[in-house]
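Chemist: Following this line is run.cif, made up of mmCIF, C-alpha atoms and all ligand atoms:
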data_query
#
loop_
_atom_site.label_atom_id
_atom_site.label_comp_id
_atom_site.auth_asym_id
_atom_site.auth_seq_id
_atom_site.Cartn_x
_atom_site.Cartn_y
_atom_site.Cartn_z
CA MET N 828 122.55 -36.67 63.55
CA ASP N 829 125.27 -37.66 61.11
CA LYS N 830 128.81 -38.18 62.31
CA ILE N 831 132.22 -39.54 61.44
CA ILE N 832 134.46 -41.38 63.84
CA ARG N 833 138.16 -41.71 63.10
CA CYS N 834 140.34 -44.31 64.79
CA ILE N 835 143.90 -45.56 64.62
CA THR N 836 145.25 -48.84 65.97
CA SER N 837 147.83 -48.52 68.76
CA ASP N 838 150.41 -50.42 66.70
CA GLY N 839 150.15 -47.69 64.02
CA ALA N 840 149.08 -50.25 61.40
CA VAL N 841 145.57 -49.17 60.50
CA MET N 842 143.55 -45.99 60.21
CA ALA N 843 139.77 -46.26 60.00
CA SER N 844 136.86 -43.88 59.49
CA VAL N 845 133.19 -44.76 59.79
CA ILE N 846 130.33 -42.44 58.84
CA ASN N 847 126.62 -42.41 59.48
CA SER N 848 125.50 -40.18 56.58
CA THR N 849 121.75 -40.76 56.69
CA ASP N 850 120.73 -37.09 56.92
CA ILE N 851 123.29 -36.02 54.30
CA VAL N 852 122.01 -38.55 51.75
CA PHE N 853 118.37 -37.80 52.63
CA THR N 854 119.07 -34.09 52.00
CA ALA N 855 120.73 -34.85 48.65
CA GLN N 856 117.74 -36.99 47.64
CA LYS N 857 115.31 -34.16 48.44
CA LEU N 858 117.41 -31.41 46.81
CA HIS N 859 118.05 -33.26 43.58
CA SER N 860 114.88 -35.42 43.38
CA THR N 861 117.05 -38.43 42.68
CA SER N 862 115.89 -41.78 41.32
CA PRO N 863 116.85 -44.85 43.42
CA ALA N 864 120.02 -45.56 41.37
CA ALA N 865 121.02 -41.89 41.49
CA THR N 866 120.38 -41.76 45.26
CA ALA N 867 122.53 -44.83 45.85
CA ALA N 868 125.37 -43.51 43.67
CA ILE N 869 125.50 -39.96 45.01
CA GLY N 870 124.89 -41.28 48.55
CA ARG N 871 127.91 -43.56 48.38
CA LEU N 872 130.09 -40.82 46.92
CA LEU N 873 128.95 -38.20 49.48
CA SER N 874 129.80 -40.64 52.28
CA ALA N 875 133.25 -41.26 50.78
CA ALA N 876 133.99 -37.58 50.14
CA SER N 877 132.97 -36.62 53.67
CA MET N 878 135.44 -39.12 55.21
CA MET N 879 138.18 -38.17 52.73
CA GLY N 880 137.62 -34.47 53.46
CA ALA N 881 137.84 -35.09 57.21
CA GLN N 882 141.35 -36.44 56.61
CA LEU N 883 142.58 -33.06 55.33
CA LYS N 884 144.85 -31.61 57.95
CA GLN N 885 144.65 -27.98 56.90
CA LYS N 886 141.66 -25.95 58.02
CA GLY N 887 139.81 -24.32 55.14
CA ALA N 888 141.05 -26.92 52.66
CA THR N 889 138.53 -28.66 50.40
CA LEU N 890 138.45 -31.96 48.60
CA THR N 891 136.49 -32.64 45.43
CA VAL N 892 135.74 -36.15 44.19
CA ARG N 893 134.33 -36.38 40.69
CA ILE N 894 133.28 -39.56 38.93
CA LYS N 895 132.60 -39.56 35.24
CA GLY N 896 131.61 -42.91 33.83
CA ASP N 897 130.00 -43.87 30.53
CA GLY N 898 126.64 -44.74 32.11
CA PRO N 899 123.37 -42.76 31.96
CA LEU N 900 124.05 -41.00 35.27
CA GLY N 901 126.72 -38.73 33.75
CA THR N 902 129.09 -36.86 36.04
CA LEU N 903 128.84 -36.98 39.84
CA VAL N 904 130.52 -34.22 41.82
CA THR N 905 131.03 -34.08 45.59
CA VAL N 906 132.91 -31.47 47.59
CA ALA N 907 133.90 -31.83 51.25
CA ASP N 908 135.67 -29.55 53.69
CA SER N 909 138.20 -30.52 56.36
CA ASN N 910 135.39 -30.93 58.91
CA GLY N 911 133.72 -33.56 56.72
CA ASN N 912 130.83 -31.31 55.71
CA VAL N 913 129.87 -32.17 52.18
CA ARG N 914 127.72 -31.26 49.18
CA GLY N 915 127.16 -32.82 45.79
CA TYR N 916 125.27 -32.92 42.53
CA LEU N 917 124.88 -35.19 39.58
CA GLU N 918 124.22 -34.67 35.91
CA ASN N 919 121.23 -36.96 35.43
CA SER N 920 119.47 -37.28 38.78
CA THR N 921 116.45 -39.09 37.31
CA CYS N 922 118.44 -41.82 35.60
CA GLU N 923 116.65 -45.17 35.37
CA THR N 924 117.23 -47.79 38.05
CA GLU N 925 118.26 -51.35 37.28
CA HIS N 926 118.42 -54.08 39.90
CA TYR N 927 120.61 -57.13 40.37
CA HIS N 928 118.65 -60.38 40.53
CA LYS N 929 118.60 -60.26 44.35
CA GLY N 930 116.93 -56.85 44.28
CA LYS N 931 120.01 -54.77 45.07
CA ILE N 932 120.34 -51.56 43.04
CA ASN N 933 122.78 -51.92 40.16
CA VAL N 934 124.82 -48.76 40.69
CA ALA N 935 127.44 -49.80 38.14
CA ALA N 936 124.80 -49.83 35.38
CA ALA N 937 123.98 -46.19 36.18
CA VAL N 938 127.55 -44.94 36.65
CA GLY N 939 129.15 -47.01 33.88
CA LYS N 940 132.24 -49.18 34.14
CA ASN N 941 134.49 -47.08 31.92
CA GLY N 942 135.63 -43.68 33.00
CA TYR N 943 137.58 -41.81 35.61
CA ILE N 944 137.60 -40.80 39.22
CA ASP N 945 139.27 -37.46 39.87
CA VAL N 946 140.28 -36.19 43.27
CA MET N 947 141.23 -32.56 43.77
CA ARG N 948 142.64 -31.19 47.01
CA ASP N 949 142.55 -27.42 47.35
CA TYR N 950 144.58 -25.90 50.16
CA GLY N 951 143.67 -22.35 49.14
CA THR N 952 147.04 -21.67 47.53
CA GLY N 953 145.47 -21.22 44.10
CA GLU N 954 147.08 -24.41 42.84
CA PRO N 955 144.91 -27.42 43.65
CA TYR N 956 146.41 -30.92 43.59
CA MET N 957 144.69 -33.17 41.08
CA SER N 958 144.95 -36.89 40.67
CA ARG N 959 143.06 -39.33 38.52
CA ALA N 960 142.46 -43.06 38.36
CA GLU N 961 140.44 -45.28 36.07
CA LEU N 962 137.11 -46.56 37.37
CA ALA N 963 137.28 -50.15 38.58
CA THR N 964 133.64 -51.26 38.54
CA GLY N 965 131.37 -48.20 38.70
CA GLU N 966 130.07 -49.37 42.10
CA ILE N 967 131.87 -46.44 43.83
CA ALA N 968 133.55 -48.40 46.68
CA GLU N 969 135.87 -50.32 44.35
CA ASP N 970 136.52 -47.09 42.44
CA ILE N 971 137.62 -45.29 45.62
CA THR N 972 139.85 -48.27 46.50
CA SER N 973 141.32 -48.27 43.01
CA TYR N 974 141.97 -44.52 43.27
CA TYR N 975 143.92 -44.91 46.53
CA VAL N 976 145.92 -47.86 45.21
CA GLN N 977 146.66 -46.37 41.77
CA SER N 978 147.21 -42.74 42.68
CA GLU N 979 148.37 -42.74 46.28
CA GLN N 980 149.73 -46.27 46.79
CA ILE N 981 147.66 -46.64 49.98
CA PRO N 982 146.08 -50.08 50.48
CA THR N 983 142.45 -49.22 51.16
CA ALA N 984 139.21 -51.02 51.86
CA CYS N 985 135.89 -49.24 51.87
CA GLY N 986 132.21 -50.00 51.79
CA PHE N 987 129.07 -47.92 51.55
CA GLY N 988 125.39 -48.52 51.97
CA VAL N 989 122.22 -46.58 51.21
CA LEU N 990 118.95 -48.15 52.33
CA LEU N 991 115.73 -46.91 50.73
CA ASP N 992 112.22 -47.39 52.06
CA LYS N 993 110.43 -50.08 50.04
CA GLU N 994 107.20 -48.08 49.92
CA ASP N 995 108.14 -44.50 49.14
CA GLY N 996 111.81 -44.85 48.18
CA GLU N 997 112.96 -42.37 50.83
CA VAL N 998 116.44 -42.70 52.32
CA MET N 999 116.19 -44.58 55.64
CA LEU N 1000 119.84 -45.21 56.41
CA ALA N 1001 123.18 -44.43 54.84
CA GLY N 1002 126.77 -44.86 55.88
CA GLY N 1003 130.19 -46.14 55.03
CA PHE N 1004 133.68 -47.03 56.16
CA LEU N 1005 137.14 -46.23 54.87
CA ILE N 1006 140.02 -48.32 56.22
CA GLN N 1007 143.65 -47.81 55.25
CA LEU N 1008 146.88 -49.60 56.01
CA LEU N 1009 149.64 -47.37 57.27
CA PRO N 1010 153.32 -47.89 56.43
CA GLY N 1011 153.82 -49.55 59.85
CA ALA N 1012 151.50 -52.46 59.00
CA ASP N 1013 153.05 -55.95 58.99
CA GLU N 1014 151.67 -59.04 57.33
CA ALA N 1015 149.90 -60.28 60.45
CA ALA N 1016 148.02 -56.98 60.73
CA CYS N 1017 147.03 -57.17 57.04
CA ASP N 1018 145.70 -60.71 57.46
CA LYS N 1019 143.76 -59.86 60.58
CA LEU N 1020 142.21 -56.80 58.94
CA GLU N 1021 141.32 -58.71 55.79
CA LYS N 1022 139.49 -61.33 57.85
CA ASN N 1023 137.62 -58.66 59.81
CA ILE N 1024 136.50 -56.84 56.68
CA SER N 1025 135.38 -59.95 54.84
CA SER N 1026 133.19 -60.95 57.78
CA LEU N 1027 131.77 -57.45 58.27
CA GLU N 1028 128.01 -57.22 57.74
CA PRO N 1029 126.68 -54.73 55.17
CA MET N 1030 126.87 -51.13 56.41
CA THR N 1031 123.11 -50.55 56.49
CA THR N 1032 122.55 -53.87 58.33
CA MET N 1033 124.86 -52.70 61.11
CA LEU N 1034 123.19 -49.27 61.24
CA ALA N 1035 119.73 -50.87 61.24
CA LYS N 1036 120.76 -52.94 64.29
CA GLY N 1037 121.37 -49.63 66.04
CA MET N 1038 125.18 -49.98 66.06
CA SER N 1039 126.95 -46.66 66.59
CA VAL N 1040 129.80 -45.55 64.34
CA GLU N 1041 132.17 -46.39 67.20
CA GLU N 1042 130.81 -49.93 67.51
CA ILE N 1043 131.11 -50.44 63.76
CA CYS N 1044 134.67 -49.14 63.85
CA ARG N 1045 135.62 -51.46 66.73
CA THR N 1046 134.04 -54.42 64.93
CA ALA N 1047 136.03 -53.68 61.78
CA LEU N 1048 139.19 -53.43 63.88
CA GLN N 1049 138.53 -56.47 66.10
CA GLY N 1050 141.72 -57.86 67.61
CA PHE N 1051 143.50 -54.49 67.45
CA ASP N 1052 143.92 -51.94 70.25
CA VAL N 1053 141.87 -49.00 69.02
CA GLU N 1054 142.46 -45.35 69.79
CA ILE N 1055 139.79 -42.84 68.84
CA ILE N 1056 141.25 -39.82 67.06
CA ASP N 1057 138.06 -37.79 66.88
CA GLU N 1058 134.34 -37.84 66.35
CA LEU N 1059 132.90 -35.12 64.11
CA PRO N 1060 129.30 -34.11 63.50
CA VAL N 1061 128.86 -33.74 59.73
CA HIS N 1062 126.21 -32.11 57.58
CA TYR N 1063 125.15 -31.42 53.99
CA VAL N 1064 126.46 -27.87 53.67
CA CYS N 1065 126.65 -25.61 50.64
CA SER N 1066 129.11 -22.72 50.63
CA CYS N 1067 127.50 -20.72 47.82
CA SER N 1068 126.93 -16.99 48.27
CA ARG N 1069 125.85 -13.99 46.19
CA GLU N 1070 129.46 -12.82 46.25
CA ARG N 1071 130.72 -16.08 44.70
CA VAL N 1072 128.07 -15.90 41.98
CA ILE N 1073 129.08 -12.29 41.25
CA ASN N 1074 132.69 -13.46 40.88
CA SER N 1075 131.68 -16.16 38.44
CA ILE N 1076 129.60 -13.69 36.37
CA ALA N 1077 132.56 -11.28 36.45
CA SER N 1078 134.75 -14.00 34.94
CA LEU N 1079 132.66 -13.80 31.71
CA ASN N 1080 133.45 -11.42 28.85
CA ASN N 1081 131.74 -8.02 28.94
CA ASP N 1082 129.97 -8.96 25.68
CA GLU N 1083 128.43 -11.98 27.33
CA ILE N 1084 127.19 -9.94 30.29
CA GLU N 1085 125.82 -7.24 27.92
CA ALA N 1086 123.94 -9.98 26.08
CA MET N 1087 122.27 -11.06 29.34
CA ILE N 1088 121.15 -7.46 29.91
CA GLU N 1089 119.84 -6.95 26.38
CA GLU N 1090 118.30 -10.36 25.77
CA ASP N 1091 117.02 -11.33 29.22
CA GLY N 1092 116.99 -8.08 31.17
CA GLY N 1093 119.08 -9.77 33.87
CA ALA N 1094 120.26 -13.16 34.98
CA GLU N 1095 119.08 -15.90 37.27
CA VAL N 1096 121.73 -18.27 38.51
CA SER N 1097 120.88 -21.32 40.55
CA CYS N 1098 123.39 -23.25 42.61
CA ASN N 1099 124.03 -26.81 41.38
CA PHE N 1100 124.58 -28.07 44.91
CA CYS N 1101 121.64 -26.58 46.84
CA ASN N 1102 119.30 -25.10 44.16
CA LYS N 1103 119.43 -21.66 45.78
CA LYS N 1104 118.52 -18.98 43.22
CA TYR N 1105 120.45 -15.75 42.77
CA VAL N 1106 118.66 -13.07 40.76
CA PHE N 1107 120.44 -10.18 39.06
CA GLY N 1108 118.62 -7.28 37.38
CA SER N 1109 120.08 -5.25 34.49
CA GLU N 1110 121.36 -2.67 36.97
CA ASP N 1111 123.17 -5.36 39.03
CA LEU N 1112 124.83 -6.68 35.89
CA ARG N 1113 125.89 -3.16 34.79
CA GLN N 1114 127.49 -2.72 38.20
CA ILE N 1115 129.42 -5.96 37.75
CA ILE N 1116 130.75 -4.70 34.38
CA GLU N 1117 131.74 -1.38 35.99
CA LEU N 1118 133.56 -3.15 38.80
CA LYS N 1119 135.32 -5.37 36.28
CA ASN N 1120 136.42 -2.40 34.19
CA LYS N 1121 137.75 -0.64 37.30
CA LYS N 1122 139.68 -3.74 38.39
CA GLU N 1123 141.15 -4.21 34.90
CA LYS N 1124 142.39 -0.60 34.87
CA ASN N 1125 144.21 -1.05 38.18
ZN ZN S 1201 124.52 -23.61 47.04
#
Would you put the structure from the file into structure tokens?

Modeler:
Amino acid sequence: MDKIIRCITSDGAVMASVINSTDIVFTAQKLHSTSPAATAAIGRLLSAASMMGAQLKQKGATLTVRIKGDGPLGTLVTVADSNGNVRGYLENSTCETEHYHKGKINVAAAVGKNGYIDVMRDYGTGEPYMSRAELATGEIAEDITSYYVQSEQIPTACGFGVLLDKEDGEVMLAGGFLIQLLPGADEAACDKLEKNISSLEPMTTMLAKGMSVEEICRTALQGFDVEIIDELPVHYVCSCSRERVINSIASLNNDEIEAMIEEDGGAEVSCNFCNKKYVFGSEDLRQIIELKNKKEKN
């Protein structure tokens, strides 16, 4: 079962999250039939978004992380809630996979090095907070780091891993960490943390050894007194519903809805995040127009 652990050091210098996101990334791979490069890219971003979402203090708030680079993958979108539950989709899920010479998937070649990372926090007030940073490398981890440094001035280190089966390409393990310096951090704490992180084994190596998220967190924070804030079970969860789809159809012009009735005899809308299909007959669409007209009169 996937989970996030969140820890803080007793001296108030460092905050750390570690996620085992194996099931989440496996689910995304199945839902979107992703190629290896697409699986690695969306897997890394889902892991990041889940940990970033879990940092939201307000219940019901959501966090969207979107990466749009100039590579063949196109746009990647992930949305997490304040419990770390997450969903995502990508524009070109079958994008070709290139490898570095050591066999590691070249995620940057798929994402592209030029582009933006956008983070939107929605607290349900109707006015989401948006911030944007330029992509650093297209490898996702460095892009998240660059976002925090550029847009939020928070020194951040993160790493992600997605391990695929050599035979069938299925997701075997996935996870990541997100470590941030707090304003109380002194130079000694920075140095200690830097050393820890540079000697940290790759995420999937630690998971493959059977290390728990807590053990990984304690290893990353070696030499610090660690206090666990919480441990959350997390899942791939989509929040789509027929009602939401009706609202999005209702946001179209009446002419556009009429055209669906006349030309197609209805509409079929499928959710980008979970592929669920919502079918509307002509009568359903007429009802939506009626409801719209009533609302507009009021
Ligand atoms: Zn859905």

Chemist: Kindly give the distance, in Å, that separates CA of Leu1059 (chain N) and CA of Ile831 (chain N), rounded to a single decimal.

Modeler: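 A separation of 5.2 Å between them.
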
Chemist: Residues at most 12 Å from ligand ZN 1201 (chain S), using all atoms listed in the file? Could they come as a PyMOL selection string?

Modeler: chain N and resi 855+858+906+913-916+1063-1072+1096-1105

Chemist: At most 8 Å is the cut-off: for each residue in region 864-909 of chain N with any atom that close to an atom of region 945-951 of chain N, write down the nearest atom pair and the distance in Å rounded to one decimal, counting only C-alpha atoms, chain first then increasing number, as a Markdown table.

Modeler:
| residue | atom | partner | partner_atom | distance |
| --- | --- | --- | --- | --- |
| N:Gln885 | CA | N:Tyr950 | CA | 7.1 |
| N:Gly887 | CA | N:Tyr950 | CA | 7.1 |
| N:Ala888 | CA | N:Tyr950 | CA | 4.4 |
| N:Thr889 | CA | N:Asp949 | CA | 5.2 |
| N:Leu890 | CA | N:Arg948 | CA | 4.5 |
| N:Thr891 | CA | N:Met947 | CA | 5.0 |
| N:Val892 | CA | N:Val946 | CA | 4.6 |
| N:Arg893 | CA | N:Asp945 | CA | 5.1 |
| N:Ile894 | CA | N:Asp945 | CA | 6.4 |

Chemist: For a test of reading the model, state the distance in Å between CA of Asp1057 (chain N) and CA of Cys834 (chain N), rounded to one decimal.

Modeler: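 Calculated distance between CA of Asp1057 (chain N) and CA of Cys834 (chain N) is 7.2 Å.
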
Chemist: To one decimal place in Å, what is the distance between CA of Thr921 (chain N) and CA of Ser874 (chain N)?

Modeler: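 Separation of CA of Thr921 (chain N) and CA of Ser874 (chain N): 20.1 Å.
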
Chemist: Using all atoms listed in the file, which of N:Asp897, N:Glu1021, N:Glu954, N:Glu961 sits nearest Ala937 (chain N)?

Modeler: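 Counting all atoms listed in the file, the residue closest to Ala937 (chain N) is N:Asp897.
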
Chemist: Skipping near chain neighbours, those fewer than 2 positions away, what residues fall within 8 Å of Glu1058 (chain N) using all atoms listed in the file, listed as a count of residues only?

Modeler: 7

Chemist: Set the distance at 6 Å and use all atoms listed in the file: which residues neighbour region 995-1003 of chain N once local chain neighbours fewer than 3 positions away are removed? I'd like the list as a ChimeraX atom specification.

Modeler: /N:845-849,853,986-992

Chemist: May I have the protein, DNA and RNA residues with an atom at most 12 Å from (128.4, -50.0, 47.0), counting all atoms listed in the file in the file's coordinates, returned as a ChimeraX atom specification?

Modeler: /N:864,866-872,874-875,931-935,938,964-972,984-990,1001-1004,1029-1031
